[in-house]
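Chemist: I'd like to ask you about the structure that follows.
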Amino acid sequence: MTSANRLAVLACATLVATTVGGCASAKKVVTGGDDKGAITMGTASGTKVLDPAGAYDAGSWLVLNNTFQSLLKFPAGATSPLPDAAESCAFTGADTLVYKCTMRSGLKFSNGNPLTAEDVVFSIRRMQKINDQNGPSNLLSTIKSAEASGSEVTLQLTTPDAVLPAKLASAAGSIVDHQVFPADKLLGNDKLVGSGPYKIDSIEAKGDGALRKISLAANGEYHGDAKLQNSKFVLRYFEDPAGLKNALEQGDIDLADSGLDPVTAAKLKDDQLAGTGKLKVAEGDSAEARYLVFNTKDAVAGNPAVRQAVAQLVDRKVLARDVYARTVQPLYSVVPAGINGHNTAYFDRYGEPDVAKARKLLAAGKVATPVKLSLTWSRARAGEAEANELKKQLDASGLFQVTVQQEADWTAYQQGWIDGKYQAYVVGWTPDYADADNFVTPLVVEGGAFHSGWDDPRISQKMVPDAIKQTDRTAGGGYAQMQNLVAEAAPLVPLFQNKAFYASGTDITGVDGTVDTTGVFRFWEIGRAAKK
């Protein structure tokens with residue numbers, strides 16, 4: 001997963017967003033019914049593109065997961081995908097090189113066209129052909145060929161890929177109508193047709209194409225397991241956590257996602273516990289993680305002793321408590337808790353923060369102190385407080401002199417780490433699917449999506465290829481050893497993983513049931529309690 005657009009939005013929920021006020025430039029690109037009676041959700045994860053072949057960010061996948069079907073899906077709380085548009089799917093051999101699915105009968109798109117095996121094959125071939133630089137085509141890169149025969153779909157793979165079912169269960173596996181979507185270019189947001197529980201009723205966008213609001217209505221042609229608790233659902237995009245907070249408090253939206261700033265989130269939770277709140281909170285697991293990444297090609301950060309000393313000094317508990325108001329939890333490995341194969345490699349190796357141990361590490365690496373280190377950040381839910389706390393902890397040891405700088409422009413920030421301009425930088429990551437591979441392969445193999453410059457051939461050339469063959473994704477697959485090797489070299493230091501945190505009005509129901517590590521927020525689970 002190296003998509004620039006994916007990283008940009010997932011590392012910061014406020015990147016490609018639209019403003020709530022001053023919308024003279026906004027335009028409605030699809031017309032439909034009004035939003036009367038709809039449940040309205042606010043998010044700070046913005047987006048511009050909804051075509052599955054070009055959509056690869058949190059703001060678009062929120063919509064795709066509710067308007068398109070895939071061969072497979074992740075039910076609430078599940079760690080393994082189950083059939084959705086398919087009746088059944090399975091690898092035909094132990095080598096995981098051929099994957100076959102039998103389609104369910106009677107499926108239709110929202111326009112009434114039948115959904116068949118032909119549409120599945122078209123969707124896969126189309127995504128690979130378009131190969132949009134901001135899209136998720138890389139997730140399907142192991143598919144060599146896709147063929148349809150009656151109700152069967154056969155996928156031939158170039159290399160073993162036991163994680164393919166999870167990839168197909170993500171929004172990257174969205175099935176599109178071959179009679180509507182062009183085979184070689186993206187389709188406009190105003191023409192999208194899916195077969196999910198909802199259909200797009202209307203879209204409001206800014207002049208630059210960034211979405212402001214999407215109104216959804218129940219899809220009368222939907223055939224699936226979802227039982228809708230509402231007939232209309234509206235998603236509004238906000239520029240920042242402050243706008244999201246204001247809309248929630250003023251009753252302009254019924255619920256807000258995890259984009260609220262930490263102080264606000266903690267206050268809402270405390271008020272609820274005290275019985276004084278006017279809103280209720282649903283808190284659950286999340287696999288979103290945040291890392292301090294090193295440029296291992298840099299003269300300073302390239303020294304393993306420097307990176308290990310930082311890993312030895314960072315106090316994640318203080319970061320979670322004082323900066324993020326306990327809306328995150330400390331993370332001690334590249335793979336977050338709740339994902340099969342997770343361990344606590346960094347804690348096992350470094351333990352609690354210890355200045356004496358860090359001093360020994362630097363001495364063993366013949367590193368003169370204090371080490372002058374530049375720490376760059378772009379955006380964070382806690383703002384500058386996050387980077388400042390890391391500086392405080394490292395400087396307090398007497399072993400480092402840290403300079404903090406912000407690159408507010410996300411595109412420039414991303415290009416900066418690609419070009420190796422930074423020594424250390426903070427970035428977030430949200431997985432496409434709940435599997436350890438989606439943290440190891442994209443983050444540490446051959447420099448990873450963060451361009452750390454680090455690679456361990458034992459991981460990239462042996463362990464990952466071996467692990468990707470294992471169809472039992474609950475067995476660990478050697479990922480524990482990979483995490484241990486990452487902790488030893490410390491090309492990045494895991495800081496924390498977010499807690500899923502949704503605030504809503506007291507009359508909103510069902511939020512608890514759709515907050516989990518799958519990363520899929522199921523609009524259909526949300527209802528409104530009848531007034532007494």
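Just so we're on the same page: first chain in the structure tokens is A, next is B, and so on; residues restart at 1 for each chain, and ligands are numbered from 1 in the order they show up.
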Name all residues at most 9 Å from Val464 (chain A) (count only C-alpha atoms; drop same-chain ones fewer than 2 positions away) and give them as a PyMOL selection string.
Modeler: chain A and resi 437+440-441+445+458-462+466-469+477-479+482
Chemist: Give me, please, the distance in Å between CA of Ala325 (chain A) and CA of Trp417 (chain A), quoted to one decimal.
Modeler: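 We find that CA of Ala325 (chain A) and CA of Trp417 (chain A) lie 28.8 Å from each other.
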Chemist: Using only C-alpha atoms for the distances, tell me which of A:Leu390, A:Ala90, A:Ser286, A:Ala171 is nearest to Asp57 (chain A).
Modeler: A:Ala171
Chemist: Tell me which protein, DNA and RNA residues are within 12 Å of Leu394 (chain A), counting only C-alpha atoms, leaving out same-chain ones fewer than 2 positions away, and put them as a VMD selection string.
Modeler: chain A and resid 306 to 307 309 to 315 353 to 355 358 to 359 369 to 375 387 to 392 396 to 404
Chemist: Enumerate, in order of chain and increasing residue number, the residues of region 86-186 of chain A with an atom no farther than 6 Å from region 208-224 of chain A, each with its shortest atom pair and distance in Å to one decimal, counting only C-alpha atoms, as CSV.
Modeler:
residue,atom,partner,partner_atom,distance
A:Leu107,CA,A:His223,CA,5.9
A:Lys108,CA,A:Glu221,CA,5.9
A:Ser110,CA,A:Glu221,CA,5.4
Chemist: In Å to one decimal, how far is CA of Asp516 (chain A) from CA of Tyr291 (chain A)?
Modeler: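 About the pair CA of Tyr291 (chain A) and CA of Asp516 (chain A): they are 20.7 Å apart.
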Chemist: Taking into account only C-alpha atoms, which residue in the set A:Met463, A:Val328, A:Ile508, A:Ala183 is nearest to Ala289 (chain A)?
Modeler: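 Of A:Met463, A:Val328, A:Ile508, A:Ala183, the one nearest Ala289 (chain A), counting only C-alpha atoms, is A:Val328.
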Chemist: Interatomic distance between CA of Gly135 (chain A) and CA of Asn111 (chain A)?
Modeler: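 Taking CA of Gly135 (chain A) as the start and CA of Asn111 (chain A) as the end point, the length is 24.9 Å.
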Chemist: Check the smallest atom-to-atom distance from each of A:Ile253, A:Leu492, A:Leu155, A:Ala78 to Asn340 (chain A) using only C-alpha atoms, then report the winner.
Modeler: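 Smallest distance to Asn340 (chain A) is found for A:Ala78.
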Chemist: Using only C-alpha atoms, pick whichever of A:Val318, A:Val334, A:Ala242, A:Leu279 has the shortest atom-to-atom distance to Thr430 (chain A).
Modeler: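 Result for the nearest residue to Thr430 (chain A): A:Val334.
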Chemist: Enumerate, as a VMD selection string, the complete set of residues in region 185-357 of chain A that a backbone-based DSSP assignment places in strand (DSSP E or B).
Modeler: chain A and resid 198 to 205 211 to 218 232 to 237 255 to 256 279 to 284 289 to 294 328 to 330
Chemist: From the set A:Asp240, A:Glu352, A:Ala490, A:Val511, which residue has the shortest atom-to-atom contact distance to Arg379 (chain A), counting only C-alpha atoms?
Modeler: A:Asp240
